[in-house]
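Okay, entry-v5.txt is below, compact mmCIF, C-alpha atoms:
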```txt
# COMPACT_ATOMS: atom_id res chain seq x y z
CA MET A 1 -23.59 9.52 -26.39
CA ARG A 2 -24.79 8.94 -22.86
CA ARG A 3 -26.03 11.95 -20.91
CA LEU A 4 -27.32 11.30 -17.43
CA PRO A 5 -28.99 13.57 -14.92
CA ASP A 6 -26.52 15.27 -12.61
CA PRO A 7 -26.70 13.75 -9.12
CA GLY A 8 -26.06 17.25 -7.80
CA PRO A 9 -23.98 18.26 -4.78
CA VAL A 10 -23.00 15.34 -2.58
CA PRO A 11 -22.59 15.73 1.20
CA LEU A 12 -19.15 15.10 2.64
CA ARG A 13 -18.21 12.11 4.74
CA GLY A 14 -20.15 12.05 7.96
CA GLU A 15 -23.01 14.06 6.47
CA ASP A 16 -24.28 11.48 3.97
CA PRO A 17 -27.31 9.63 5.37
CA VAL A 18 -26.94 6.92 2.67
CA THR A 19 -23.93 5.22 4.22
CA ASN A 20 -23.68 2.41 1.67
CA ARG A 21 -23.27 4.76 -1.30
CA TYR A 22 -19.89 6.08 -2.38
CA GLN A 23 -19.07 9.46 -3.77
CA VAL A 24 -16.21 8.16 -5.94
CA VAL A 25 -15.09 4.64 -6.84
CA GLY A 26 -11.89 4.02 -8.80
CA ILE A 27 -10.65 0.99 -10.72
CA GLY A 28 -6.97 0.59 -11.54
CA ASN A 29 -3.67 -1.19 -11.09
CA ALA A 30 -2.98 -1.93 -7.42
CA ILE A 31 0.77 -1.36 -7.27
CA VAL A 32 3.11 -1.05 -4.30
CA ASP A 33 5.90 1.48 -4.85
CA VAL A 34 9.14 0.15 -3.36
CA LEU A 35 11.84 2.82 -3.05
CA ALA A 36 15.54 2.62 -2.27
CA GLN A 37 18.42 5.07 -2.43
CA THR A 38 21.23 4.10 -4.77
CA ASP A 39 24.04 5.56 -6.86
CA GLU A 40 24.54 5.65 -10.59
CA SER A 41 27.18 2.93 -10.58
CA ALA A 42 24.64 0.54 -9.05
CA LEU A 43 22.18 1.41 -11.80
CA ASP A 44 24.81 0.54 -14.38
CA LEU A 45 25.56 -2.77 -12.67
CA MET A 46 21.85 -3.71 -12.69
CA GLY A 47 21.33 -2.52 -16.27
CA ILE A 48 18.77 0.12 -15.26
CA GLN A 49 18.28 3.11 -17.52
CA LYS A 50 18.25 6.21 -15.35
CA GLY A 51 15.17 8.41 -15.05
CA ILE A 52 12.62 6.36 -16.98
CA MET A 53 9.81 3.92 -16.24
CA GLN A 54 10.08 0.51 -17.81
CA LEU A 55 8.01 -2.64 -17.47
CA VAL A 56 9.89 -5.73 -16.31
CA GLU A 57 9.07 -9.43 -16.24
CA ARG A 58 8.62 -11.41 -13.05
CA GLU A 59 12.14 -12.86 -12.79
CA ARG A 60 13.82 -9.49 -13.24
CA GLY A 61 11.32 -7.86 -10.91
CA GLU A 62 12.15 -10.33 -8.16
CA MET A 63 15.89 -9.84 -8.74
CA LEU A 64 15.61 -6.05 -8.49
CA TYR A 65 13.39 -6.29 -5.40
CA ALA A 66 15.97 -8.50 -3.68
CA ALA A 67 18.76 -6.08 -4.62
CA MET A 68 17.11 -3.11 -2.89
CA LYS A 69 18.63 -2.11 0.43
CA GLU A 70 16.73 -0.29 3.20
CA ARG A 71 13.50 -0.34 1.21
CA THR A 72 10.56 1.91 1.94
CA GLN A 73 7.10 1.09 0.61
CA ALA A 74 4.03 3.09 -0.34
CA PRO A 75 0.76 2.06 -2.01
CA GLY A 76 0.68 3.38 -5.57
CA GLY A 77 -0.90 2.99 -8.99
CA SER A 78 -2.33 5.92 -10.94
CA VAL A 79 -6.02 5.76 -10.00
CA GLY A 80 -5.06 4.28 -6.64
CA ASN A 81 -3.22 7.53 -5.93
CA THR A 82 -6.25 9.54 -7.08
CA ILE A 83 -8.70 7.65 -4.91
CA ALA A 84 -6.40 7.83 -1.89
CA GLY A 85 -6.23 11.59 -2.44
CA LEU A 86 -10.02 11.76 -2.42
CA GLY A 87 -10.17 9.69 0.76
CA ASN A 88 -7.74 12.11 2.39
CA LEU A 89 -9.97 14.99 1.28
CA GLY A 90 -12.83 13.40 3.21
CA LEU A 91 -14.92 11.84 0.46
CA LYS A 92 -16.47 8.41 0.86
CA ALA A 93 -14.35 6.54 -1.67
CA ALA A 94 -13.43 3.00 -2.69
CA PHE A 95 -10.79 1.44 -4.92
CA ILE A 96 -11.31 -1.75 -6.92
CA GLY A 97 -8.02 -3.52 -7.59
CA ARG A 98 -6.43 -6.95 -7.51
CA VAL A 99 -3.65 -7.98 -5.10
CA ARG A 100 -2.35 -11.36 -3.98
CA ASP A 101 -2.55 -12.48 -0.36
CA ASP A 102 1.16 -11.88 0.18
CA ALA A 103 3.14 -9.35 2.19
CA LEU A 104 2.86 -6.57 -0.39
CA GLY A 105 -0.82 -7.27 -1.04
CA ARG A 106 -1.69 -7.08 2.64
CA PHE A 107 0.40 -3.91 2.92
CA PHE A 108 -1.52 -2.30 0.04
CA GLN A 109 -4.88 -3.18 1.58
CA LYS A 110 -4.01 -1.96 5.08
CA SER A 111 -2.36 1.24 3.87
CA LEU A 112 -5.28 2.24 1.66
CA THR A 113 -7.90 1.61 4.33
CA ALA A 114 -5.80 3.45 6.91
CA GLU A 115 -5.96 6.53 4.68
CA GLY A 116 -9.76 6.43 4.68
CA THR A 117 -10.44 4.57 1.42
CA ASP A 118 -12.34 1.28 1.20
CA PHE A 119 -10.69 -1.65 -0.60
CA PRO A 120 -13.58 -4.09 -1.15
CA ASN A 121 -11.59 -6.77 -3.00
CA LEU A 122 -9.92 -9.15 -0.58
CA PRO A 123 -6.33 -10.20 -1.36
CA VAL A 124 -6.44 -13.33 -3.53
CA ALA A 125 -5.20 -16.42 -1.69
CA GLY A 126 -3.23 -18.96 -3.70
CA ALA A 127 -2.91 -16.75 -6.77
CA GLU A 128 -0.16 -17.65 -9.23
CA LEU A 129 1.05 -14.09 -9.77
CA PRO A 130 2.36 -11.89 -6.93
CA THR A 131 1.19 -8.42 -6.01
CA SER A 132 2.29 -5.77 -8.50
CA ARG A 133 5.23 -3.62 -7.52
CA SER A 134 7.31 -0.79 -8.93
CA MET A 135 10.95 -0.87 -7.89
CA ILE A 136 12.05 2.76 -7.77
CA PHE A 137 15.76 3.52 -7.44
CA VAL A 138 16.45 7.10 -6.34
CA THR A 139 19.88 8.58 -7.10
CA PRO A 140 21.41 11.46 -5.09
CA ASP A 141 20.24 14.00 -7.69
CA GLY A 142 16.62 13.03 -6.99
CA GLU A 143 16.06 11.17 -10.28
CA ARG A 144 13.73 8.19 -10.05
CA SER A 145 14.35 5.09 -12.16
CA MET A 146 11.17 3.01 -12.11
CA ASN A 147 10.98 -0.71 -12.91
CA THR A 148 7.38 -1.92 -12.80
CA TYR A 149 6.25 -5.52 -12.65
CA LEU A 150 2.49 -5.57 -13.21
CA GLY A 151 1.88 -8.99 -11.68
CA ILE A 152 -1.63 -9.84 -10.56
CA SER A 153 -3.16 -6.36 -10.97
CA ALA A 154 -3.02 -6.63 -14.77
CA GLU A 155 -5.32 -9.68 -14.53
CA LEU A 156 -8.22 -7.64 -13.14
CA GLY A 157 -11.42 -8.64 -14.91
CA PRO A 158 -15.20 -8.41 -14.65
CA ASP A 159 -15.34 -10.94 -11.80
CA ASP A 160 -13.41 -8.44 -9.67
CA VAL A 161 -16.04 -5.74 -10.17
CA SER A 162 -18.89 -5.85 -7.68
CA ASP A 163 -22.19 -4.41 -8.91
CA ASP A 164 -22.88 -3.40 -5.32
CA VAL A 165 -19.79 -1.15 -5.36
CA ALA A 166 -19.70 0.10 -8.96
CA GLY A 167 -23.47 0.54 -8.94
CA SER A 168 -23.50 2.54 -5.71
CA THR A 169 -21.35 5.53 -6.52
CA ASP A 170 -21.93 9.03 -7.81
CA TYR A 171 -18.68 9.01 -9.81
CA LEU A 172 -16.72 6.09 -11.24
CA PHE A 173 -13.11 6.66 -12.37
CA LEU A 174 -11.28 4.16 -14.59
CA GLU A 175 -7.54 3.82 -15.28
CA GLY A 176 -6.73 3.65 -18.99
CA TYR A 177 -3.69 1.42 -18.43
CA LEU A 178 -6.01 -1.50 -17.64
CA PHE A 179 -7.43 -1.23 -21.15
CA ASP A 180 -4.37 -3.11 -22.41
CA LYS A 181 -6.04 -6.48 -21.79
CA ASP A 182 -9.41 -7.84 -22.89
CA LYS A 183 -10.35 -8.70 -19.30
CA GLY A 184 -9.73 -5.10 -18.34
CA LYS A 185 -11.98 -3.86 -21.13
CA GLU A 186 -14.73 -6.21 -19.97
CA ALA A 187 -14.31 -4.99 -16.39
CA PHE A 188 -14.64 -1.37 -17.55
CA LEU A 189 -17.84 -2.03 -19.46
CA LYS A 190 -19.38 -3.95 -16.57
CA ALA A 191 -18.45 -1.22 -14.09
CA ALA A 192 -19.63 1.67 -16.28
CA ARG A 193 -22.98 0.05 -16.96
CA ALA A 194 -23.50 -0.76 -13.27
CA CYS A 195 -22.63 2.85 -12.43
CA HIS A 196 -25.17 4.16 -14.93
CA ARG A 197 -27.89 1.84 -13.66
CA GLY A 198 -27.28 3.39 -10.25
CA ALA A 199 -27.60 6.94 -11.70
CA GLY A 200 -23.87 7.62 -11.36
CA LYS A 201 -21.44 9.11 -13.85
CA ALA A 202 -18.53 7.14 -15.30
CA GLY A 203 -15.21 8.55 -16.48
CA VAL A 204 -11.75 7.45 -17.53
CA ALA A 205 -8.17 8.71 -17.47
CA LEU A 206 -6.62 8.13 -20.88
CA SER A 207 -3.35 7.41 -18.98
CA ASP A 208 -0.82 7.12 -21.81
CA PRO A 209 -0.66 8.04 -25.53
CA PHE A 210 0.97 4.71 -26.39
CA CYS A 211 -1.86 2.84 -24.66
CA VAL A 212 -4.31 4.97 -26.65
CA ASP A 213 -2.46 4.14 -29.88
CA ARG A 214 -2.68 0.41 -29.17
CA HIS A 215 -6.43 0.45 -28.51
CA ARG A 216 -7.68 3.55 -30.31
CA ALA A 217 -10.88 2.08 -31.76
CA ASP A 218 -11.92 0.58 -28.42
CA PHE A 219 -11.06 3.80 -26.56
CA ARG A 220 -13.15 5.79 -29.04
CA ARG A 221 -16.14 3.50 -28.46
CA LEU A 222 -15.68 3.70 -24.70
CA VAL A 223 -15.50 7.51 -24.72
CA LYS A 224 -18.46 7.93 -27.06
CA ASP A 225 -20.81 5.25 -25.74
CA GLU A 226 -20.03 4.80 -22.04
CA MET A 227 -18.21 7.79 -20.55
CA ASP A 228 -19.68 10.94 -19.00
CA TYR A 229 -16.26 12.59 -18.49
CA VAL A 230 -12.72 11.93 -19.70
CA ILE A 231 -9.42 13.29 -18.35
CA GLY A 232 -6.34 13.31 -20.56
CA ASN A 233 -3.31 15.38 -21.43
CA GLN A 234 -2.68 17.06 -24.76
CA HIS A 235 -0.68 14.15 -26.19
CA GLU A 236 -3.35 11.62 -25.21
CA TRP A 237 -6.19 13.61 -26.80
CA GLU A 238 -4.20 14.10 -29.99
CA ALA A 239 -3.39 10.38 -30.08
CA LEU A 240 -7.05 9.46 -29.57
CA TYR A 241 -8.18 11.49 -32.59
CA GLN A 242 -4.98 11.06 -34.65
CA THR A 243 -4.20 14.73 -35.05
CA GLU A 244 -1.50 17.19 -34.02
CA ASP A 245 -4.13 19.94 -33.78
CA LEU A 246 -5.33 20.01 -30.18
CA GLU A 247 -8.36 22.18 -30.92
CA ALA A 248 -9.50 19.73 -33.60
CA ALA A 249 -9.11 16.87 -31.14
CA LEU A 250 -11.07 18.68 -28.44
CA ALA A 251 -13.83 19.56 -30.91
CA GLN A 252 -14.27 15.87 -31.69
CA ALA A 253 -14.13 15.01 -28.00
CA ARG A 254 -16.82 17.59 -27.16
CA ALA A 255 -19.10 16.03 -29.77
CA GLU A 256 -18.67 12.59 -28.21
CA CYS A 257 -18.39 13.12 -24.46
CA PRO A 258 -20.30 15.39 -22.04
CA VAL A 259 -17.25 16.58 -20.04
CA VAL A 260 -13.75 16.84 -21.53
CA VAL A 261 -10.65 17.73 -19.48
CA CYS A 262 -7.26 18.45 -21.04
CA THR A 263 -4.08 19.12 -19.04
CA ARG A 264 -1.10 20.67 -20.83
CA SER A 265 2.14 20.35 -18.83
CA GLY A 266 2.15 23.71 -17.08
CA ALA A 267 -0.15 25.54 -19.52
CA ASP A 268 -3.80 26.35 -18.78
CA VAL A 269 -6.08 23.38 -18.19
CA ILE A 270 -9.01 23.23 -20.60
CA VAL A 271 -12.39 21.94 -19.38
CA ILE A 272 -15.35 21.66 -21.75
CA ARG A 273 -18.97 20.76 -21.01
CA GLY A 274 -21.24 21.21 -24.02
CA GLU A 275 -21.01 24.87 -25.05
CA GLU A 276 -19.29 25.81 -21.78
CA ARG A 277 -15.51 26.09 -21.91
CA VAL A 278 -13.21 27.24 -19.13
CA GLU A 279 -9.43 27.60 -19.12
CA VAL A 280 -7.88 27.29 -15.69
CA PRO A 281 -4.48 28.98 -15.24
CA VAL A 282 -1.68 26.90 -13.80
CA HIS A 283 0.73 28.43 -11.30
CA ARG A 284 4.13 27.42 -12.63
CA VAL A 285 6.52 25.90 -10.10
CA VAL A 286 9.80 24.06 -10.52
CA PRO A 287 8.89 20.42 -9.82
CA VAL A 288 10.88 18.45 -7.29
CA ASP A 289 9.24 15.23 -8.49
CA ALA A 290 6.53 15.19 -11.15
CA THR A 291 5.37 11.70 -10.16
CA GLY A 292 1.67 11.74 -9.37
CA ALA A 293 0.88 15.20 -10.77
CA GLY A 294 -1.83 13.90 -13.08
CA ASP A 295 -3.17 11.57 -10.40
CA GLN A 296 -3.62 14.37 -7.88
CA PHE A 297 -5.01 16.76 -10.49
CA ALA A 298 -7.72 14.15 -11.03
CA ALA A 299 -8.29 13.91 -7.28
CA GLY A 300 -8.81 17.66 -6.93
CA PHE A 301 -11.00 17.87 -10.03
CA LEU A 302 -13.18 14.93 -8.97
CA TYR A 303 -13.50 16.39 -5.49
CA GLY A 304 -14.90 19.51 -7.11
CA LEU A 305 -17.37 17.56 -9.25
CA ALA A 306 -18.48 15.33 -6.38
CA THR A 307 -19.17 18.30 -4.11
CA GLY A 308 -21.12 20.26 -6.73
CA GLN A 309 -18.54 22.90 -7.64
CA SER A 310 -18.38 24.75 -10.96
CA LEU A 311 -16.06 23.49 -13.68
CA LYS A 312 -13.69 26.39 -13.06
CA THR A 313 -13.51 25.73 -9.33
CA ALA A 314 -13.05 21.97 -9.89
CA GLY A 315 -10.23 22.74 -12.32
CA ARG A 316 -8.56 25.08 -9.83
CA MET A 317 -8.82 22.39 -7.16
CA GLY A 318 -7.11 19.97 -9.50
CA CYS A 319 -4.29 22.41 -10.20
CA ILE A 320 -3.73 23.10 -6.50
CA ALA A 321 -3.58 19.37 -5.68
CA ALA A 322 -1.13 18.77 -8.55
CA ALA A 323 1.10 21.68 -7.50
CA GLU A 324 1.30 20.33 -3.96
CA VAL A 325 2.39 16.83 -5.01
CA ILE A 326 5.15 17.99 -7.39
CA SER A 327 6.69 20.11 -4.62
CA HIS A 328 8.13 17.00 -2.91
CA PHE A 329 9.07 13.39 -3.58
CA GLY A 330 6.25 10.89 -3.67
CA ALA A 331 2.94 10.57 -5.49
CA ARG A 332 0.62 11.51 -2.62
CA PRO A 333 0.08 14.81 -0.78
CA GLU A 334 2.08 15.60 2.33
CA VAL A 335 -0.12 18.47 3.56
CA ASP A 336 -3.84 18.97 4.06
CA VAL A 337 -4.98 19.83 0.54
CA LYS A 338 -8.41 20.83 1.78
CA SER A 339 -6.78 23.57 3.84
CA MET A 340 -5.17 24.79 0.61
CA PHE A 341 -8.63 24.95 -0.97
CA ARG A 342 -9.82 27.02 1.97
CA ALA A 343 -6.80 29.32 1.71
CA ASN A 344 -7.71 29.94 -1.93
CA ARG A 345 -11.37 30.54 -0.97
CA LEU A 346 -12.63 27.62 -3.00
CA ILE A 347 -14.58 26.09 -0.10
```
Kindly return the structure encoded in the file as structure tokens.
Amino acid sequence: MRRLPDPGPVPLRGEDPVTNRYQVVGIGNAIVDVLAQTDESALDLMGIQKGIMQLVERERGEMLYAAMKERTQAPGGSVGNTIAGLGNLGLKAAFIGRVRDDALGRFFQKSLTAEGTDFPNLPVAGAELPTSRSMIFVTPDGERSMNTYLGISAELGPDDVSDDVAGSTDYLFLEGYLFDKDKGKEAFLKAARACHRGAGKAGVALSDPFCVDRHRADFRRLVKDEMDYVIGNQHEWEALYQTEDLEAALAQARAECPVVVCTRSGADVIVIRGEERVEVPVHRVVPVDATGAGDQFAAGFLYGLATGQSLKTAGRMGCIAAAEVISHFGARPEVDVKSMFRANRLI
């Protein structure tokens, strides 16, 4: 199990004299969310199951994209949302992802950089696969029916990971979804090892219990041998250790990883570091749209870690960021989350 020295508190953007070093770098699927209003009869005509996320192939993805009227677009992807949240909070952050040099790819790049996050990978000219997109049909009751075509982002591999970027960050954050392909696994290992050579800390979001089930042995090796922190929900931790006893799963996790974070769908968040354990209460709210809750929890929590806060404070920051994003439609904050931290006397 890898245990590295803590880089300690990191100055905020504008105060860091080492301008070429990042505070957080993320790696994940670079997806553009494409939204359109529709009614349930249109869903039936297109054969879309209401209220779920399903993966689609290229031909169907292009058909659904063409069928969308008055589209609006937003850069998305799980870790992409997290890193954008960190950029909005003022950290020096970068996102490693793969987009094609097409309209959606250029949109993703420009949107991310406009929000204050670096996107060091140029859109790929002449690529066979198009930029990834999630076609989201919103019915009048607010339900989102998501149809995701992974496209070029799922082909991210070690050649897309720059040692100069992954090796120059205090915290690296990986998206578990990319673990579905061998090239993604290779990219993770390359990035984590570059991060460690640069005295940074590497972590991963487990992302999905089904993804964990498909690659359990490789996830276990990654957590034990390469990761300094791991964020997952109750179902993901139980899937990783093949148990329905959360405490048993967390005990195994604590033995294998320095920092363990477990979210529990409205129940207290559990954070463990060695013998230290904190449980962070969650303020229950009725969600308008739960999309992005986990992504923004990670943003708040990583902001706390990167600025030298205690585990309890970092956990509270994560909960505040998650509560903000579920109060409205969309996967990214609509208000100044840092002002919410100040209002709660966390900074």
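Nearest residue to Thr148 of chain A, choosing from A:Thr82, A:Asn29, A:Ser207, A:Ser168 and counting all atoms listed in the file: A:Asn29.
Proximity ranking of A:Val161, A:Leu150, A:Val79, A:Ala306 relative to Leu122 of chain A places A:Val161 first, based on all atoms listed in the file.
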Query raised in the report: Which distance in Å separates atom CA of Cys257 of chain A and atom CA of Ile347 of chain A, to one decimal?
Result: 27.9 Å
Report summary line: Shortest contact to Gly157 of chain A, candidates A:Leu206, A:Ile27, A:Val269, A:Cys211, atoms counted all atoms listed in the file, goes to A:Ile27
Query raised in the report: So which residues touch segment 247-254 of chain A within 10 Å, counting only C-alpha atoms, skipping near sequence neighbours fewer than 4 positions away, as a PyMOL selection string?
Result: chain A and resi 220+223-224+230+234+236-243+258-262+270-275
Output C-alpha atoms for every residue in that selection, as a short mmCIF file (atom, residue, chain, number, x, y, z; two decimals), in the coordinates of the input.
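The result, stored in selection_18.cif:
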```cif
data_model
loop_
_atom_site.label_atom_id
_atom_site.label_comp_id
_atom_site.auth_asym_id
_atom_site.auth_seq_id
_atom_site.Cartn_x
_atom_site.Cartn_y
_atom_site.Cartn_z
CA ARG A 220 -13.15 5.79 -29.04
CA VAL A 223 -15.50 7.51 -24.72
CA LYS A 224 -18.46 7.93 -27.06
CA VAL A 230 -12.72 11.93 -19.70
CA GLN A 234 -2.68 17.06 -24.76
CA GLU A 236 -3.35 11.62 -25.21
CA TRP A 237 -6.19 13.61 -26.80
CA GLU A 238 -4.20 14.10 -29.99
CA ALA A 239 -3.39 10.38 -30.08
CA LEU A 240 -7.05 9.46 -29.57
CA TYR A 241 -8.18 11.49 -32.59
CA GLN A 242 -4.98 11.06 -34.65
CA THR A 243 -4.20 14.73 -35.05
CA PRO A 258 -20.30 15.39 -22.04
CA VAL A 259 -17.25 16.58 -20.04
CA VAL A 260 -13.75 16.84 -21.53
CA VAL A 261 -10.65 17.73 -19.48
CA CYS A 262 -7.26 18.45 -21.04
CA ILE A 270 -9.01 23.23 -20.60
CA VAL A 271 -12.39 21.94 -19.38
CA ILE A 272 -15.35 21.66 -21.75
CA ARG A 273 -18.97 20.76 -21.01
CA GLY A 274 -21.24 21.21 -24.02
CA GLU A 275 -21.01 24.87 -25.05
#
```
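Among the candidate residues A:Leu302, A:Leu89, A:Leu178, A:Leu156, the one lying nearest to Asn121 of chain A is A:Leu156, with distances computed using all atoms listed in the file.
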**Report entry** Within 8 Å of segment 129-144 of chain A using only C-alpha atoms, minus same-chain residues under 4 positions, as a PyMOL selection string
**Finding:** chain A and resi 29-40+50-52+61+64-65+98-102+104-105+148-153+288-289
Where atoms are absent from segment 26-35 of chain A, fill them in so it carries all heavy atoms, then output it as a short mmCIF file (atom, residue, chain, number, x, y, z; two decimals), in the frame of the given file.
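And here's out.cif as it stands now:
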```cif
data_model
loop_
_atom_site.label_atom_id
_atom_site.label_comp_id
_atom_site.auth_asym_id
_atom_site.auth_seq_id
_atom_site.Cartn_x
_atom_site.Cartn_y
_atom_site.Cartn_z
N GLY A 26 -12.90 4.13 -7.75
CA GLY A 26 -11.89 4.02 -8.80
C GLY A 26 -11.55 2.58 -9.10
O GLY A 26 -11.67 1.70 -8.23
N ILE A 27 -11.12 2.31 -10.33
CA ILE A 27 -10.65 0.99 -10.72
C ILE A 27 -9.29 1.17 -11.40
O ILE A 27 -9.17 1.97 -12.33
CB ILE A 27 -11.63 0.30 -11.69
CG1 ILE A 27 -13.01 0.14 -11.05
CG2 ILE A 27 -11.09 -1.06 -12.12
CD1 ILE A 27 -14.03 -0.50 -11.97
N GLY A 28 -8.28 0.43 -10.93
CA GLY A 28 -6.97 0.59 -11.54
C GLY A 28 -5.99 -0.46 -11.08
O GLY A 28 -6.33 -1.41 -10.37
N ASN A 29 -4.75 -0.30 -11.51
CA ASN A 29 -3.67 -1.19 -11.09
C ASN A 29 -3.34 -0.94 -9.63
O ASN A 29 -3.09 0.20 -9.23
CB ASN A 29 -2.42 -0.94 -11.95
CG ASN A 29 -2.51 -1.57 -13.32
OD1 ASN A 29 -2.79 -2.76 -13.45
ND2 ASN A 29 -2.29 -0.78 -14.36
N ALA A 30 -3.34 -2.01 -8.84
CA ALA A 30 -2.98 -1.93 -7.42
C ALA A 30 -1.50 -2.25 -7.31
O ALA A 30 -1.10 -3.41 -7.31
CB ALA A 30 -3.82 -2.91 -6.60
N ILE A 31 -0.68 -1.21 -7.23
CA ILE A 31 0.77 -1.36 -7.27
C ILE A 31 1.38 -0.82 -5.98
O ILE A 31 0.98 0.24 -5.50
CB ILE A 31 1.36 -0.59 -8.47
CG1 ILE A 31 0.79 -1.15 -9.79
CG2 ILE A 31 2.88 -0.65 -8.48
CD1 ILE A 31 1.22 -0.38 -11.02
N VAL A 32 2.35 -1.55 -5.43
CA VAL A 32 3.11 -1.05 -4.30
C VAL A 32 4.40 -0.44 -4.83
O VAL A 32 5.15 -1.10 -5.57
CB VAL A 32 3.42 -2.17 -3.29
CG1 VAL A 32 4.31 -1.63 -2.16
CG2 VAL A 32 2.14 -2.74 -2.72
N ASP A 33 4.64 0.83 -4.51
CA ASP A 33 5.90 1.48 -4.85
C ASP A 33 6.94 1.10 -3.79
O ASP A 33 6.73 1.31 -2.60
CB ASP A 33 5.74 3.00 -4.89
CG ASP A 33 4.89 3.47 -6.06
OD1 ASP A 33 4.75 2.71 -7.05
OD2 ASP A 33 4.35 4.59 -5.99
N VAL A 34 8.05 0.54 -4.25
CA VAL A 34 9.14 0.15 -3.36
C VAL A 34 10.35 1.02 -3.71
O VAL A 34 10.83 0.99 -4.84
CB VAL A 34 9.50 -1.33 -3.52
CG1 VAL A 34 10.54 -1.74 -2.47
CG2 VAL A 34 8.25 -2.21 -3.41
N LEU A 35 10.79 1.85 -2.77
CA LEU A 35 11.84 2.82 -3.05
C LEU A 35 13.11 2.50 -2.28
O LEU A 35 13.06 2.01 -1.14
CB LEU A 35 11.38 4.24 -2.68
CG LEU A 35 10.17 4.79 -3.43
CD1 LEU A 35 8.88 4.53 -2.64
CD2 LEU A 35 10.32 6.29 -3.66
#
```
